[in-house]
file query29.txt (compact mmCIF, C-alpha atoms)
# COMPACT_ATOMS: atom_id res chain seq x y z
CA MET D 103 87.37 -102.38 -36.54
CA ALA D 104 83.69 -103.03 -35.99
CA LEU D 105 82.34 -106.49 -36.70
CA ASP D 106 80.11 -106.62 -39.80
CA ALA D 107 78.26 -109.90 -40.37
CA THR D 108 75.98 -108.66 -43.15
CA VAL D 109 75.32 -111.64 -45.45
CA GLY D 110 76.92 -110.87 -48.82
CA GLY D 111 77.93 -107.38 -47.70
CA ALA D 112 80.65 -105.40 -49.46
CA ALA D 113 82.23 -104.55 -46.08
CA SER D 114 81.47 -107.77 -44.19
CA ASN D 115 84.30 -109.15 -42.08
CA SER D 116 82.63 -111.98 -40.14
CA TYR D 117 80.38 -114.90 -40.95
CA VAL D 118 78.67 -114.71 -37.59
CA THR D 119 77.56 -112.12 -35.06
CA GLN D 120 78.86 -112.24 -31.53
CA ALA D 121 75.34 -113.09 -30.29
CA THR D 122 75.03 -116.09 -32.63
CA ALA D 123 78.54 -117.30 -31.76
CA ASN D 124 77.73 -116.91 -28.07
CA THR D 125 74.53 -118.95 -28.44
CA TYR D 126 76.33 -121.74 -30.26
CA LEU D 127 79.35 -121.87 -27.97
CA THR D 128 77.42 -121.69 -24.70
CA SER D 129 74.73 -124.17 -25.70
CA GLU D 130 76.70 -126.77 -27.68
CA ARG D 131 80.33 -126.65 -26.56
CA LEU D 132 82.33 -127.52 -23.46
CA TYR D 133 85.50 -125.79 -22.24
CA ILE D 134 84.65 -122.29 -23.41
CA THR D 135 86.26 -120.34 -20.57
CA ALA D 136 88.41 -118.38 -23.03
CA TRP D 137 85.21 -117.20 -24.76
CA THR D 138 83.24 -116.38 -21.62
CA ASN D 139 86.21 -114.51 -20.08
CA ALA D 140 86.92 -112.47 -23.23
CA SER D 141 85.74 -108.89 -23.57
CA SER D 142 83.24 -107.95 -26.25
CA GLN D 143 86.04 -106.34 -28.27
CA GLN D 144 88.21 -109.48 -28.00
CA LYS D 145 85.29 -111.66 -29.16
CA ASP D 146 84.71 -109.40 -32.18
CA GLN D 147 88.43 -109.48 -33.03
CA ALA D 148 88.51 -113.27 -32.72
CA LEU D 149 85.45 -113.66 -34.99
CA ILE D 150 86.93 -111.31 -37.61
CA TRP D 151 90.30 -113.11 -37.54
CA ALA D 152 88.60 -116.53 -37.58
CA THR D 153 86.60 -115.54 -40.67
CA PHE D 154 89.76 -114.37 -42.43
CA LEU D 155 91.61 -117.59 -41.58
CA LEU D 156 88.76 -119.74 -42.87
CA ASP D 157 88.59 -117.74 -46.09
CA VAL D 158 92.32 -118.05 -46.81
CA SER D 159 92.63 -121.65 -45.60
CA PHE D 160 89.78 -123.32 -47.51
CA GLU D 161 88.94 -123.80 -51.14
CA PHE D 162 85.16 -123.74 -50.90
CA TYR D 163 82.98 -125.46 -53.48
CA GLY D 164 80.85 -123.38 -55.85
CA THR D 165 81.31 -119.71 -56.67
CA LYS D 166 80.76 -116.49 -54.77
CA ALA D 167 77.17 -115.29 -55.01
CA SER D 168 78.26 -111.75 -55.88
CA THR D 169 81.37 -110.07 -57.20
CA THR D 170 80.89 -107.26 -54.68
CA GLN D 171 80.75 -109.37 -51.51
CA ALA D 172 83.78 -109.08 -49.25
CA LEU D 173 83.81 -112.68 -48.00
CA ARG D 174 83.81 -116.06 -49.75
CA TRP D 175 80.26 -116.88 -48.58
CA PRO D 176 77.43 -116.89 -49.60
CA ARG D 177 78.04 -119.09 -52.65
CA PHE D 178 76.21 -120.60 -55.62
CA GLY D 179 76.39 -124.27 -56.51
CA VAL D 180 77.12 -125.80 -53.10
CA LEU D 181 75.34 -128.85 -51.71
CA ASP D 182 75.00 -129.71 -48.03
CA ALA D 183 76.14 -133.06 -46.60
CA ASP D 184 72.83 -134.63 -47.66
CA GLY D 185 73.04 -133.40 -51.25
CA TYR D 186 70.55 -130.52 -50.95
CA PRO D 187 71.43 -127.13 -52.47
CA ILE D 188 72.51 -124.44 -50.01
CA LEU D 189 70.75 -121.16 -50.71
CA SER D 190 73.04 -118.49 -52.11
CA THR D 191 71.44 -115.90 -49.82
CA ILE D 192 72.57 -117.37 -46.49
CA ILE D 193 75.64 -118.28 -44.50
CA PRO D 194 75.37 -122.04 -43.80
CA VAL D 195 75.12 -123.07 -40.16
CA LEU D 196 78.33 -125.11 -40.56
CA ILE D 197 80.21 -121.95 -41.58
CA GLU D 198 78.77 -120.09 -38.58
CA LYS D 199 79.74 -122.91 -36.20
CA ALA D 200 83.20 -123.24 -37.75
CA THR D 201 83.77 -119.48 -37.37
CA ALA D 202 82.69 -119.52 -33.71
CA THR D 203 84.83 -122.59 -33.00
CA GLN D 204 87.85 -121.06 -34.75
CA ALA D 205 87.35 -117.83 -32.75
CA LEU D 206 87.30 -119.82 -29.50
CA SER D 207 90.50 -121.54 -30.57
CA LEU D 208 92.15 -118.18 -31.30
CA LEU D 209 91.16 -116.88 -27.86
CA THR D 210 92.64 -120.01 -26.28
CA SER D 211 96.07 -119.80 -27.92
CA ASP D 212 97.92 -118.00 -30.70
CA ARG D 213 97.54 -120.47 -33.54
CA THR D 214 99.66 -118.28 -35.81
CA ALA D 215 102.70 -118.22 -33.48
CA GLU D 216 105.96 -119.61 -34.72
CA PRO D 217 106.34 -123.19 -33.52
CA ALA D 218 109.27 -124.50 -31.54
CA ILE D 219 112.45 -125.11 -33.56
CA LEU D 220 111.47 -126.86 -36.79
CA GLY D 221 108.06 -127.52 -35.29
CA LEU D 222 109.44 -130.64 -33.68
CA GLY D 223 108.90 -129.71 -30.04
CA ILE D 224 112.47 -128.50 -29.50
CA SER D 225 112.44 -125.19 -27.69
CA GLU D 226 116.18 -124.96 -26.91
CA ALA D 227 119.34 -126.37 -28.42
CA ARG D 228 123.03 -125.93 -27.59
CA VAL D 229 126.00 -127.19 -29.51
CA GLY D 230 128.78 -127.08 -26.89
CA PRO D 231 128.22 -129.76 -24.36
CA LEU D 232 125.28 -130.82 -26.51
CA ALA D 233 121.89 -130.13 -24.88
CA ALA D 234 118.33 -129.91 -26.10
CA LYS D 235 115.10 -129.05 -24.33
CA ILE D 236 112.17 -131.04 -25.63
CA THR D 237 108.69 -129.61 -25.15
CA ASP D 238 105.23 -130.58 -26.25
CA MET D 239 104.92 -127.43 -28.37
CA ALA D 240 104.79 -128.92 -31.81
CA VAL D 241 103.20 -127.12 -34.74
CA LYS D 242 99.67 -126.02 -33.94
CA GLU D 243 97.28 -126.34 -36.77
CA LEU D 244 96.13 -122.95 -38.00
CA VAL D 245 92.67 -124.43 -38.45
CA PRO D 246 92.00 -127.02 -35.72
CA GLU D 247 90.73 -130.47 -36.65
CA ASP D 248 87.26 -129.84 -35.17
CA VAL D 249 86.84 -126.81 -37.44
CA GLN D 250 88.13 -128.75 -40.44
CA ALA D 251 85.62 -131.52 -39.71
CA LEU D 252 82.74 -129.03 -39.74
CA LEU D 253 83.76 -127.76 -43.17
CA ILE D 254 84.32 -131.10 -44.95
CA PRO D 255 80.98 -130.91 -46.82
CA LEU D 256 81.65 -127.33 -47.98
CA GLY D 257 85.23 -127.35 -49.25
CA VAL D 258 88.77 -128.61 -48.87
CA LEU D 259 91.67 -127.34 -46.82
CA LYS D 260 94.26 -125.72 -49.06
CA PRO D 261 97.71 -127.37 -49.13
CA GLY D 262 99.88 -125.91 -46.38
CA ALA D 263 96.95 -124.22 -44.65
CA SER D 264 97.20 -126.44 -41.61
CA GLN D 265 100.61 -125.05 -40.68
CA GLY D 266 100.59 -122.78 -37.64
CA SER D 267 102.83 -119.93 -38.69
CA ALA D 268 102.92 -117.02 -41.04
CA THR D 269 105.25 -117.31 -44.00
CA ARG D 270 107.22 -114.77 -45.95
CA CYS D 271 106.77 -114.59 -49.68
CA CYS D 272 110.51 -114.27 -50.30
CA SER D 273 113.76 -113.51 -48.52
CA ARG D 274 114.02 -109.98 -49.95
CA CYS D 275 111.21 -108.23 -48.13
CA ALA D 276 109.48 -107.91 -44.79
CA CYS D 277 105.96 -108.79 -45.89
CA SER D 278 104.19 -111.86 -44.58
CA SER D 279 100.80 -113.51 -44.85
CA ALA D 280 98.88 -116.52 -43.61
CA SER D 281 100.46 -119.69 -44.93
CA SER D 282 97.97 -120.01 -47.75
CA GLY D 283 97.43 -116.30 -48.46
CA ALA D 284 98.88 -114.42 -51.38
CA PRO D 285 101.50 -112.03 -49.97
CA THR D 286 102.40 -108.83 -51.73
CA CYS D 287 106.00 -107.67 -51.52
CA ALA D 288 106.40 -104.36 -49.77

call {"tool": "encode", "arguments": {"input": "query29.txt", "output": "structure tokens"}}
result
Amino acid sequence: MALDATVGGAASNSYVTQATANTYLTSERLYITAWTNASSQQKDQALIWATFLLDVSFEFYGTKASTTQALRWPRFGVLDADGYPILSTIIPVLIEKATATQALSLLTSDRTAEPAILGLGISEARVGPLAAKITDMAVKELVPEDVQALLIPLGVLKPGASQGSATRCCSRCACSSASSGAPTCA
């Protein structure tokens, strides 16, 4: 799938182009080896997936600027951190930075992977002669704290959206979705 960062576009799938993400990450961030080592296709995939995760994980303030736009931004009725209106014809810089940062995080590790047993850092357990292997792999946040911090002025994280695994909508089917998405039974 080709990356489409058209503002308000009906087929848009990213809030930021690869070039803009590259400029932000290489000029403002440290520890970006995963980004610089990724192929162009991997960067596009990470930006598309990052955009999707932000859209399903946050309840953004205001309303979508158009009923035909594919993504949740641009929006009407949103103020920046200083109380000034954000134009409904742009993607705010904080959304662009959050998307790039989320993409970097996705290239670094699979944030949607199932955590260790119960998410408590237990990767092995035996019952007969009782044994457990404790690891540092606790639940990874689907949206890392640095991304959440960027988006504080623009919306709130949906309940359960910080969990790092996909969830099934019910026990009867094989469908799954991001933890805050709306699954459809297959």

call {"tool": "residues_around", "arguments": {"input": "query29.txt", "residues": "Gly111 (chain D)", "least_positions_apart": "6", "cutoff": "9 Å", "atoms": "all atoms listed in the file", "output": "list in words"}}
result
Thr170, Gln171, Ala172 and Leu173 of chain D

call {"tool": "residues_around", "arguments": {"input": "query29.txt", "residues": "region 142-153 of chain D", "least_positions_apart": "2", "cutoff": "9 Å", "atoms": "all atoms listed in the file", "output": "MDAnalysis selection string"}}
result
chainID D and resid 103:106 115:120 123 137 140 155:158 173 200:209 245

call {"tool": "closest_residue", "arguments": {"input": "query29.txt", "among": "D:Ile197, D:Ala107, D:Ile192, D:Thr125", "to": "Phe160 (chain D)", "atoms": "only C-alpha atoms"}}
result
D:Ile197

call {"tool": "closest_residue", "arguments": {"input": "query29.txt", "among": "D:Leu256, D:Ala251, D:Ala263, D:Ala121", "to": "Ile193 (chain D)", "atoms": "only C-alpha atoms"}}
result
D:Leu256

call {"tool": "atom_distance", "arguments": {"input": "query29.txt", "atom1": "CA of Asp248 (chain D)", "atom2": "CA of Ala183 (chain D)"}}
result
16.3 Å

call {"tool": "closest_residue", "arguments": {"input": "query29.txt", "among": "D:Phe162, D:Ile134, D:Thr128, D:Glu247", "to": "Leu181 (chain D)", "atoms": "only C-alpha atoms"}}
result
D:Phe162
